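Asker: Before I ask anything, let me first share the structure, which is written out below as structure tokens.
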Number of protein chains: 6
Amino acid sequence: MSIEKINARNQFKGKISNIILGDVVSEVDVETPAGIVTSVITTRSVKDLELKIGTEVVALVKATEVSIAKLL
Amino acid sequence: MSIEKINARNQFKGKISNIILGDVVSEVDVETPAGIVTSVITTRSVKDLELKIGTEVVALVKATEVSIAKLL
Amino acid sequence: MSIEKINARNQFKGKISNIILGDVVSEVDVETPAGIVTSVITTRSVKDLELKIGTEVVALVKATEVSIAKLL
Amino acid sequence: MSIEKINARNQFKGKISNIILGDVVSEVDVETPAGIVTSVITTRSVKDLELKIGTEVVALVKATEVSIAKLL
Amino acid sequence: MSIEKINARNQFKGKISNIILGDVVSEVDVETPAGIVTSVITTRSVKDLELKIGTEVVALVKATEVSIAKLL
Amino acid sequence: MSIEKINARNQFKGKISNIILGDVVSEVDVETPAGIVTSVITTRSVKDLELKIGTEVVALVKATEVSIAKLL
């Protein structure tokens with residue numbers, strides 16, 4: 001199943017720079033032009049997607065998940 | 001109450017470039033070096049934080065909210 | 001940008017059966033073999049993805065967003 | 001405290017088919033008519049709810065957590 | 001379908017003190033011993049659950065949705 | 001970077017009463033006037049924020065992440 005387009009408004013294209021494999025969830029760092037974007041996904045997904053350092057991916061975030069803070 | 005640091009691993013600093021005010025929630029676009037980051041927050045928060053076009057903010061995303069997709 | 005695979009473990013393929021367009025966010029109902037799956041996404045995404053009744057889509061949910069309740 | 005009804009629009013009734021116990025969070029797979037629904041919850045909740053393979057549960061998802069992707 | 005117990009670790013019992021009905025989503029304020037807890041749910045859920053000012057409810061939050069900030 | 005104000009409508013001030021350190025994510029319990037609020041954040045954030053038992057923190061929750069259940 002290939003996806004043409006997804007509603008997630010925030011999409012950061014990059015390469016995986018680090019993976020910390022955990023028993024149930026893993027941390028995946030993606031190096032993007034915006035800096036490192038960190039994701040926590042299931043370890044099963046890391047394996048199913050065959051994610052490795054260097055894999056080209058998109059980090060996706062729904063707009064409802066983004067908080068806004070005002071700086072001092 | 002001022003916050004020193006927050007656990008959200010993904011923080012995108014920028015200026016608000018657009019606000020669509022809705023009855024209950026509003027869309028806030030933040031122009032960051034990473035491109036536009038879009039957030040949906042309550043309209044009450046937009047007012048409480050006195051957000052306007054040009055306001056300097058940080059868009060914050062918890063790592064557990066970031067999905068990873070592999071490109072074709 | 002086409003996506004090959006996404007980490008969201010829960011994917012429900014179906015056809016859009018209803019859309020309630022709101023000022024900022026919209027409700028999109030997807031008829032799947034599992035019953036109706038309801039999603040709230042930005043109205044801008046509804047337009048960008050050109051979603052209409054009948055459009056074939058996949059409803060995606062990260063495993064960390066799923067709660068478990070025990071029945072009486 | 002018994003709950004009569006919850007706002008989560010997406011409710012998938014089923015039986016637990018697999019549990020991967022982790023140090024802090026665990027993966028719980030629920031076999032539903034819609035296929036396997038996967039959830040990541042705290043290991044403490046797995047114990048508090050006494051979840052086991054075969055336990056009848058409902059997997060719940062808020063509509064705001066559902067993303068929509070268009071197929072190629 | 002009655003629910004015996006849910007995995008959401010954070011449960012705040014209280015009475016609805018305010019509802020702002022929107023076209024697609026609504027804001028529901030719950031007065032709890034912990035102060036006001038604010039929720040955004042679909043307007044359809046407000047109607048299905050027949051929520052009104054004074055209705056006794058529980059506000060539920062998954063542990064994975066809670067952020068931690070350190071004070072100055 | 002110090003934050004003046006954040007949009008998260010639900011803020012529970014308290015002291016950390018317990019931390020369960022995991023390989024990738026950790027559970028952080030915060031004792032608040034509202035009772036214990038439990039959070040799951042990355043173990044890297046626990047270290048970066050130097051969280052310990054007794055640290056004063058704020059637990060933050062976006063309104064879109066709060067579910068509402070009606071009692072029996």
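Chain labels follow the order of the structure tokens: the first chain is A, the next B, and so on; residue numbering restarts at 1 in every chain, and ligands are counted from 1 in their shown order.
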If we count only C-alpha atoms, what is near Leu60 (chain B) at a cut-off of 8 Å, once residues fewer than 6 positions away on the same chain are taken out, given as a PyMOL selection string?

Answerer: (chain A and resi 66-69) or (chain B and resi 8-12)

Asker: Could you pull out all residues of chain B with a DSSP call of strand (DSSP E or B) and give them as a PyMOL selection string?

Answerer: chain B and resi 3-6+10-20+25-32+35-42+56-61+67-71

Asker: Take the residues from that selection and put them in a file with C-alpha atoms, as an mmCIF file, in the first residue's frame.

Answerer:
```cif
data_model
loop_
_atom_site.group_PDB
_atom_site.id
_atom_site.type_symbol
_atom_site.label_atom_id
_atom_site.label_comp_id
_atom_site.auth_asym_id
_atom_site.auth_seq_id
_atom_site.Cartn_x
_atom_site.Cartn_y
_atom_site.Cartn_z
ATOM 1 C CA ILE B 3 9.222 27.785 32.616
ATOM 2 C CA GLU B 4 12.935 27.100 32.455
ATOM 3 C CA LYS B 5 12.904 24.018 30.320
ATOM 4 C CA ILE B 6 10.356 21.577 28.951
ATOM 5 C CA ASN B 10 11.197 18.982 19.368
ATOM 6 C CA GLN B 11 11.199 22.745 19.609
ATOM 7 C CA PHE B 12 10.921 25.039 16.610
ATOM 8 C CA LYS B 13 11.506 28.719 17.274
ATOM 9 C CA GLY B 14 9.926 31.204 14.923
ATOM 10 C CA LYS B 15 7.456 33.996 14.286
ATOM 11 C CA ILE B 16 3.731 33.634 13.783
ATOM 12 C CA SER B 17 2.972 34.146 10.093
ATOM 13 C CA ASN B 18 -0.752 33.438 10.065
ATOM 14 C CA ILE B 19 -3.701 32.836 12.398
ATOM 15 C CA ILE B 20 -7.103 31.464 11.397
ATOM 16 C CA VAL B 25 -9.908 26.086 18.034
ATOM 17 C CA SER B 26 -7.638 28.191 15.852
ATOM 18 C CA GLU B 27 -4.853 27.431 13.406
ATOM 19 C CA VAL B 28 -1.541 29.124 14.106
ATOM 20 C CA ASP B 29 1.255 29.021 11.517
ATOM 21 C CA VAL B 30 4.799 29.581 12.718
ATOM 22 C CA GLU B 31 7.541 30.501 10.273
ATOM 23 C CA THR B 32 10.683 28.668 11.375
ATOM 24 C CA GLY B 35 9.614 25.943 7.158
ATOM 25 C CA ILE B 36 6.073 26.604 8.310
ATOM 26 C CA VAL B 37 5.000 24.646 11.384
ATOM 27 C CA THR B 38 1.217 24.507 11.817
ATOM 28 C CA SER B 39 -0.510 24.188 15.177
ATOM 29 C CA VAL B 40 -4.133 23.885 16.235
ATOM 30 C CA ILE B 41 -4.763 25.273 19.716
ATOM 31 C CA THR B 42 -7.830 26.575 21.529
ATOM 32 C CA GLU B 56 7.931 35.184 18.635
ATOM 33 C CA VAL B 57 7.010 31.700 19.810
ATOM 34 C CA VAL B 58 8.281 28.160 20.063
ATOM 35 C CA ALA B 59 6.312 25.312 18.525
ATOM 36 C CA LEU B 60 6.714 22.246 20.738
ATOM 37 C CA VAL B 61 6.106 18.590 19.904
ATOM 38 C CA SER B 67 5.361 9.467 13.200
ATOM 39 C CA ILE B 68 7.991 8.181 10.784
ATOM 40 C CA ALA B 69 7.278 7.358 7.140
ATOM 41 C CA LYS B 70 9.628 5.795 4.636
ATOM 42 C CA LEU B 71 9.784 7.319 1.182
#
```

Asker: After superposing chain E onto chain F (least squares, all C-alpha atoms, pairing by order), export the transformed chain as a PDB file with N, CA and C atoms, in the first residue's frame.

Answerer:
```pdb
ATOM      1  N   MET E   1      16.900  29.203  26.679  1.00  0.00           N
ATOM      2  CA  MET E   1      15.587  29.684  26.225  1.00  0.00           C
ATOM      3  C   MET E   1      14.564  29.525  27.331  1.00  0.00           C
ATOM      4  N   SER E   2      14.041  30.629  27.834  1.00  0.00           N
ATOM      5  CA  SER E   2      13.030  30.562  28.874  1.00  0.00           C
ATOM      6  C   SER E   2      11.660  30.868  28.285  1.00  0.00           C
ATOM      7  N   ILE E   3      10.688  30.124  28.765  1.00  0.00           N
ATOM      8  CA  ILE E   3       9.341  30.242  28.232  1.00  0.00           C
ATOM      9  C   ILE E   3       8.495  31.061  29.202  1.00  0.00           C
ATOM     10  N   GLU E   4       7.747  32.013  28.652  1.00  0.00           N
ATOM     11  CA  GLU E   4       6.924  32.862  29.509  1.00  0.00           C
ATOM     12  C   GLU E   4       5.589  32.176  29.807  1.00  0.00           C
ATOM     13  N   LYS E   5       5.032  31.599  28.733  1.00  0.00           N
ATOM     14  CA  LYS E   5       3.685  31.072  28.850  1.00  0.00           C
ATOM     15  C   LYS E   5       3.487  30.042  27.754  1.00  0.00           C
ATOM     16  N   ILE E   6       2.698  29.040  28.023  1.00  0.00           N
ATOM     17  CA  ILE E   6       2.481  28.002  27.021  1.00  0.00           C
ATOM     18  C   ILE E   6       0.987  27.818  26.847  1.00  0.00           C
ATOM     19  N   ASN E   7       0.607  27.319  25.658  1.00  0.00           N
ATOM     20  CA  ASN E   7      -0.834  27.261  25.392  1.00  0.00           C
ATOM     21  C   ASN E   7      -1.529  26.113  26.119  1.00  0.00           C
ATOM     22  N   ALA E   8      -0.758  25.161  26.619  1.00  0.00           N
ATOM     23  CA  ALA E   8      -1.414  24.014  27.261  1.00  0.00           C
ATOM     24  C   ALA E   8      -2.351  24.522  28.352  1.00  0.00           C
ATOM     25  N   ARG E   9      -3.627  24.259  28.178  1.00  0.00           N
ATOM     26  CA  ARG E   9      -4.620  24.821  29.099  1.00  0.00           C
ATOM     27  C   ARG E   9      -4.552  24.151  30.463  1.00  0.00           C
ATOM     28  N   ASN E  10      -4.038  22.933  30.499  1.00  0.00           N
ATOM     29  CA  ASN E  10      -4.075  22.178  31.739  1.00  0.00           C
ATOM     30  C   ASN E  10      -2.678  22.067  32.315  1.00  0.00           C
ATOM     31  N   GLN E  11      -2.476  22.725  33.431  1.00  0.00           N
ATOM     32  CA  GLN E  11      -1.147  22.782  34.027  1.00  0.00           C
ATOM     33  C   GLN E  11      -1.263  22.420  35.503  1.00  0.00           C
ATOM     34  N   PHE E  12      -0.525  21.387  35.890  1.00  0.00           N
ATOM     35  CA  PHE E  12      -0.583  20.898  37.263  1.00  0.00           C
ATOM     36  C   PHE E  12       0.796  21.025  37.899  1.00  0.00           C
ATOM     37  N   LYS E  13       0.925  21.966  38.791  1.00  0.00           N
ATOM     38  CA  LYS E  13       2.197  22.219  39.463  1.00  0.00           C
ATOM     39  C   LYS E  13       2.389  21.210  40.594  1.00  0.00           C
ATOM     40  N   GLY E  14       3.609  20.726  40.766  1.00  0.00           N
ATOM     41  CA  GLY E  14       3.836  19.789  41.855  1.00  0.00           C
ATOM     42  C   GLY E  14       5.283  19.380  41.966  1.00  0.00           C
ATOM     43  N   LYS E  15       5.504  18.337  42.772  1.00  0.00           N
ATOM     44  CA  LYS E  15       6.866  17.823  42.969  1.00  0.00           C
ATOM     45  C   LYS E  15       6.927  16.386  42.495  1.00  0.00           C
ATOM     46  N   ILE E  16       8.041  16.012  41.911  1.00  0.00           N
ATOM     47  CA  ILE E  16       8.197  14.636  41.443  1.00  0.00           C
ATOM     48  C   ILE E  16       8.257  13.699  42.645  1.00  0.00           C
ATOM     49  N   SER E  17       7.385  12.687  42.627  1.00  0.00           N
ATOM     50  CA  SER E  17       7.352  11.760  43.755  1.00  0.00           C
ATOM     51  C   SER E  17       7.943  10.395  43.393  1.00  0.00           C
ATOM     52  N   ASN E  18       8.068  10.138  42.094  1.00  0.00           N
ATOM     53  CA  ASN E  18       8.629   8.848  41.688  1.00  0.00           C
ATOM     54  C   ASN E  18       9.083   8.910  40.231  1.00  0.00           C
ATOM     55  N   ILE E  19      10.154   8.179  39.927  1.00  0.00           N
ATOM     56  CA  ILE E  19      10.632   8.055  38.547  1.00  0.00           C
ATOM     57  C   ILE E  19      10.968   6.590  38.297  1.00  0.00           C
ATOM     58  N   ILE E  20      10.416   6.019  37.236  1.00  0.00           N
ATOM     59  CA  ILE E  20      10.825   4.670  36.810  1.00  0.00           C
ATOM     60  C   ILE E  20      11.606   4.853  35.518  1.00  0.00           C
ATOM     61  N   LEU E  21      12.924   4.685  35.596  1.00  0.00           N
ATOM     62  CA  LEU E  21      13.777   4.898  34.421  1.00  0.00           C
ATOM     63  C   LEU E  21      13.713   3.692  33.494  1.00  0.00           C
ATOM     64  N   GLY E  22      13.356   3.900  32.246  1.00  0.00           N
ATOM     65  CA  GLY E  22      13.345   2.826  31.271  1.00  0.00           C
ATOM     66  C   GLY E  22      14.451   3.033  30.260  1.00  0.00           C
ATOM     67  N   ASP E  23      14.608   2.084  29.343  1.00  0.00           N
ATOM     68  CA  ASP E  23      15.694   2.190  28.364  1.00  0.00           C
ATOM     69  C   ASP E  23      15.484   3.372  27.413  1.00  0.00           C
ATOM     70  N   VAL E  24      14.231   3.604  26.999  1.00  0.00           N
ATOM     71  CA  VAL E  24      13.950   4.680  26.039  1.00  0.00           C
ATOM     72  C   VAL E  24      13.009   5.723  26.634  1.00  0.00           C
ATOM     73  N   VAL E  25      11.952   5.263  27.293  1.00  0.00           N
ATOM     74  CA  VAL E  25      11.047   6.195  27.961  1.00  0.00           C
ATOM     75  C   VAL E  25      11.005   5.894  29.458  1.00  0.00           C
ATOM     76  N   SER E  26      10.629   6.908  30.222  1.00  0.00           N
ATOM     77  CA  SER E  26      10.557   6.767  31.679  1.00  0.00           C
ATOM     78  C   SER E  26       9.208   7.268  32.168  1.00  0.00           C
ATOM     79  N   GLU E  27       8.802   6.740  33.329  1.00  0.00           N
ATOM     80  CA  GLU E  27       7.557   7.204  33.924  1.00  0.00           C
ATOM     81  C   GLU E  27       7.913   8.179  35.038  1.00  0.00           C
ATOM     82  N   VAL E  28       7.264   9.336  35.021  1.00  0.00           N
ATOM     83  CA  VAL E  28       7.519  10.358  36.033  1.00  0.00           C
ATOM     84  C   VAL E  28       6.191  10.679  36.721  1.00  0.00           C
ATOM     85  N   ASP E  29       6.153  10.473  38.034  1.00  0.00           N
ATOM     86  CA  ASP E  29       4.948  10.796  38.805  1.00  0.00           C
ATOM     87  C   ASP E  29       5.114  12.139  39.488  1.00  0.00           C
ATOM     88  N   VAL E  30       4.108  12.970  39.354  1.00  0.00           N
ATOM     89  CA  VAL E  30       4.158  14.299  39.954  1.00  0.00           C
ATOM     90  C   VAL E  30       3.046  14.395  40.993  1.00  0.00           C
ATOM     91  N   GLU E  31       3.436  14.742  42.225  1.00  0.00           N
ATOM     92  CA  GLU E  31       2.449  14.904  43.277  1.00  0.00           C
ATOM     93  C   GLU E  31       1.902  16.325  43.215  1.00  0.00           C
ATOM     94  N   THR E  32       0.625  16.448  42.912  1.00  0.00           N
ATOM     95  CA  THR E  32       0.005  17.766  42.780  1.00  0.00           C
ATOM     96  C   THR E  32      -1.181  17.842  43.741  1.00  0.00           C
ATOM     97  N   PRO E  33      -1.719  19.053  43.957  1.00  0.00           N
ATOM     98  CA  PRO E  33      -2.904  19.157  44.808  1.00  0.00           C
ATOM     99  C   PRO E  33      -4.050  18.300  44.242  1.00  0.00           C
ATOM    100  N   ALA E  34      -3.977  18.003  42.934  1.00  0.00           N
ATOM    101  CA  ALA E  34      -5.012  17.209  42.283  1.00  0.00           C
ATOM    102  C   ALA E  34      -4.766  15.715  42.397  1.00  0.00           C
ATOM    103  N   GLY E  35      -3.737  15.333  43.133  1.00  0.00           N
ATOM    104  CA  GLY E  35      -3.366  13.927  43.196  1.00  0.00           C
ATOM    105  C   GLY E  35      -2.149  13.686  42.324  1.00  0.00           C
ATOM    106  N   ILE E  36      -1.806  12.417  42.159  1.00  0.00           N
ATOM    107  CA  ILE E  36      -0.631  12.068  41.358  1.00  0.00           C
ATOM    108  C   ILE E  36      -0.966  12.214  39.871  1.00  0.00           C
ATOM    109  N   VAL E  37      -0.133  12.939  39.154  1.00  0.00           N
ATOM    110  CA  VAL E  37      -0.248  13.008  37.694  1.00  0.00           C
ATOM    111  C   VAL E  37       0.931  12.229  37.127  1.00  0.00           C
ATOM    112  N   THR E  38       0.637  11.276  36.232  1.00  0.00           N
ATOM    113  CA  THR E  38       1.691  10.420  35.691  1.00  0.00           C
ATOM    114  C   THR E  38       2.010  10.801  34.252  1.00  0.00           C
ATOM    115  N   SER E  39       3.288  10.860  33.954  1.00  0.00           N
ATOM    116  CA  SER E  39       3.754  11.241  32.631  1.00  0.00           C
ATOM    117  C   SER E  39       4.747  10.216  32.105  1.00  0.00           C
ATOM    118  N   VAL E  40       4.717   9.957  30.812  1.00  0.00           N
ATOM    119  CA  VAL E  40       5.755   9.139  30.179  1.00  0.00           C
ATOM    120  C   VAL E  40       6.517  10.034  29.220  1.00  0.00           C
ATOM    121  N   ILE E  41       7.796  10.247  29.490  1.00  0.00           N
ATOM    122  CA  ILE E  41       8.627  11.076  28.620  1.00  0.00           C
ATOM    123  C   ILE E  41       9.900  10.301  28.282  1.00  0.00           C
ATOM    124  N   THR E  42      10.683  10.806  27.339  1.00  0.00           N
ATOM    125  CA  THR E  42      11.901  10.087  26.997  1.00  0.00           C
ATOM    126  C   THR E  42      12.886  10.134  28.176  1.00  0.00           C
ATOM    127  N   THR E  43      13.650   9.068  28.284  1.00  0.00           N
ATOM    128  CA  THR E  43      14.659   8.988  29.332  1.00  0.00           C
ATOM    129  C   THR E  43      15.709  10.084  29.116  1.00  0.00           C
ATOM    130  N   ARG E  44      15.943  10.429  27.867  1.00  0.00           N
ATOM    131  CA  ARG E  44      16.876  11.524  27.573  1.00  0.00           C
ATOM    132  C   ARG E  44      16.378  12.846  28.159  1.00  0.00           C
ATOM    133  N   SER E  45      15.056  13.063  28.129  1.00  0.00           N
ATOM    134  CA  SER E  45      14.526  14.293  28.725  1.00  0.00           C
ATOM    135  C   SER E  45      14.674  14.287  30.234  1.00  0.00           C
ATOM    136  N   VAL E  46      14.476  13.114  30.846  1.00  0.00           N
ATOM    137  CA  VAL E  46      14.659  13.018  32.300  1.00  0.00           C
ATOM    138  C   VAL E  46      16.067  13.465  32.668  1.00  0.00           C
ATOM    139  N   LYS E  47      17.042  13.045  31.838  1.00  0.00           N
ATOM    140  CA  LYS E  47      18.434  13.411  32.111  1.00  0.00           C
ATOM    141  C   LYS E  47      18.713  14.876  31.768  1.00  0.00           C
ATOM    142  N   ASP E  48      18.246  15.321  30.608  1.00  0.00           N
ATOM    143  CA  ASP E  48      18.481  16.719  30.203  1.00  0.00           C
ATOM    144  C   ASP E  48      17.882  17.701  31.201  1.00  0.00           C
ATOM    145  N   LEU E  49      16.707  17.383  31.707  1.00  0.00           N
ATOM    146  CA  LEU E  49      16.047  18.293  32.647  1.00  0.00           C
ATOM    147  C   LEU E  49      16.515  18.035  34.090  1.00  0.00           C
ATOM    148  N   GLU E  50      17.370  17.030  34.245  1.00  0.00           N
ATOM    149  CA  GLU E  50      17.903  16.666  35.572  1.00  0.00           C
ATOM    150  C   GLU E  50      16.776  16.467  36.570  1.00  0.00           C
ATOM    151  N   LEU E  51      15.787  15.688  36.156  1.00  0.00           N
ATOM    152  CA  LEU E  51      14.633  15.432  37.017  1.00  0.00           C
ATOM    153  C   LEU E  51      15.007  14.422  38.098  1.00  0.00           C
ATOM    154  N   LYS E  52      14.594  14.723  39.313  1.00  0.00           N
ATOM    155  CA  LYS E  52      14.849  13.834  40.453  1.00  0.00           C
ATOM    156  C   LYS E  52      13.630  13.858  41.352  1.00  0.00           C
ATOM    157  N   ILE E  53      13.556  12.936  42.265  1.00  0.00           N
ATOM    158  CA  ILE E  53      12.480  13.003  43.247  1.00  0.00           C
ATOM    159  C   ILE E  53      12.621  14.328  44.002  1.00  0.00           C
ATOM    160  N   GLY E  54      11.517  15.070  44.068  1.00  0.00           N
ATOM    161  CA  GLY E  54      11.544  16.350  44.758  1.00  0.00           C
ATOM    162  C   GLY E  54      11.616  17.567  43.845  1.00  0.00           C
ATOM    163  N   THR E  55      12.051  17.349  42.577  1.00  0.00           N
ATOM    164  CA  THR E  55      12.136  18.483  41.643  1.00  0.00           C
ATOM    165  C   THR E  55      10.749  19.105  41.434  1.00  0.00           C
ATOM    166  N   GLU E  56      10.689  20.426  41.488  1.00  0.00           N
ATOM    167  CA  GLU E  56       9.426  21.125  41.223  1.00  0.00           C
ATOM    168  C   GLU E  56       9.199  21.248  39.725  1.00  0.00           C
ATOM    169  N   VAL E  57       8.059  20.779  39.283  1.00  0.00           N
ATOM    170  CA  VAL E  57       7.759  20.787  37.847  1.00  0.00           C
ATOM    171  C   VAL E  57       6.293  21.166  37.619  1.00  0.00           C
ATOM    172  N   VAL E  58       5.973  21.348  36.349  1.00  0.00           N
ATOM    173  CA  VAL E  58       4.578  21.494  35.946  1.00  0.00           C
ATOM    174  C   VAL E  58       4.282  20.385  34.960  1.00  0.00           C
ATOM    175  N   ALA E  59       3.191  19.678  35.193  1.00  0.00           N
ATOM    176  CA  ALA E  59       2.721  18.686  34.225  1.00  0.00           C
ATOM    177  C   ALA E  59       1.733  19.411  33.310  1.00  0.00           C
ATOM    178  N   LEU E  60       1.967  19.300  32.012  1.00  0.00           N
ATOM    179  CA  LEU E  60       1.175  20.055  31.029  1.00  0.00           C
ATOM    180  C   LEU E  60       0.411  19.113  30.108  1.00  0.00           C
ATOM    181  N   VAL E  61      -0.843  19.454  29.831  1.00  0.00           N
ATOM    182  CA  VAL E  61      -1.653  18.628  28.924  1.00  0.00           C
ATOM    183  C   VAL E  61      -2.439  19.530  27.983  1.00  0.00           C
ATOM    184  N   LYS E  62      -2.313  19.281  26.685  1.00  0.00           N
ATOM    185  CA  LYS E  62      -3.118  20.024  25.695  1.00  0.00           C
ATOM    186  C   LYS E  62      -4.585  19.635  25.846  1.00  0.00           C
ATOM    187  N   ALA E  63      -5.467  20.588  25.671  1.00  0.00           N
ATOM    188  CA  ALA E  63      -6.905  20.318  25.800  1.00  0.00           C
ATOM    189  C   ALA E  63      -7.380  19.252  24.802  1.00  0.00           C
ATOM    190  N   THR E  64      -6.759  19.194  23.630  1.00  0.00           N
ATOM    191  CA  THR E  64      -7.174  18.199  22.633  1.00  0.00           C
ATOM    192  C   THR E  64      -6.843  16.764  23.051  1.00  0.00           C
ATOM    193  N   GLU E  65      -6.016  16.600  24.090  1.00  0.00           N
ATOM    194  CA  GLU E  65      -5.619  15.258  24.542  1.00  0.00           C
ATOM    195  C   GLU E  65      -6.500  14.746  25.679  1.00  0.00           C
ATOM    196  N   VAL E  66      -7.419  15.576  26.155  1.00  0.00           N
ATOM    197  CA  VAL E  66      -8.247  15.183  27.291  1.00  0.00           C
ATOM    198  C   VAL E  66      -9.555  14.547  26.800  1.00  0.00           C
ATOM    199  N   SER E  67      -9.839  13.338  27.258  1.00  0.00           N
ATOM    200  CA  SER E  67     -11.104  12.669  26.945  1.00  0.00           C
ATOM    201  C   SER E  67     -12.092  12.899  28.076  1.00  0.00           C
ATOM    202  N   ILE E  68     -13.367  12.767  27.758  1.00  0.00           N
ATOM    203  CA  ILE E  68     -14.411  12.951  28.759  1.00  0.00           C
ATOM    204  C   ILE E  68     -15.257  11.675  28.823  1.00  0.00           C
ATOM    205  N   ALA E  69     -15.423  11.145  30.037  1.00  0.00           N
ATOM    206  CA  ALA E  69     -16.267   9.959  30.207  1.00  0.00           C
ATOM    207  C   ALA E  69     -17.390  10.290  31.193  1.00  0.00           C
ATOM    208  N   LYS E  70     -18.537   9.711  30.930  1.00  0.00           N
ATOM    209  CA  LYS E  70     -19.689   9.935  31.796  1.00  0.00           C
ATOM    210  C   LYS E  70     -19.774   8.763  32.766  1.00  0.00           C
ATOM    211  N   LEU E  71     -20.090   9.071  34.018  1.00  0.00           N
ATOM    212  CA  LEU E  71     -20.142   8.005  35.025  1.00  0.00           C
ATOM    213  C   LEU E  71     -21.492   7.308  35.016  1.00  0.00           C
ATOM    214  N   LEU E  72     -21.479   6.075  35.439  1.00  0.00           N
ATOM    215  CA  LEU E  72     -22.717   5.285  35.556  1.00  0.00           C
ATOM    216  C   LEU E  72     -23.573   5.821  36.693  1.00  0.00           C
TER     217      LEU E  72
END
```

Asker: Identify, with DSSP run on backbone atoms, the residues in chain A assigned to alpha helix (DSSP H), and express the list as a count of residues only.

Answerer: 6
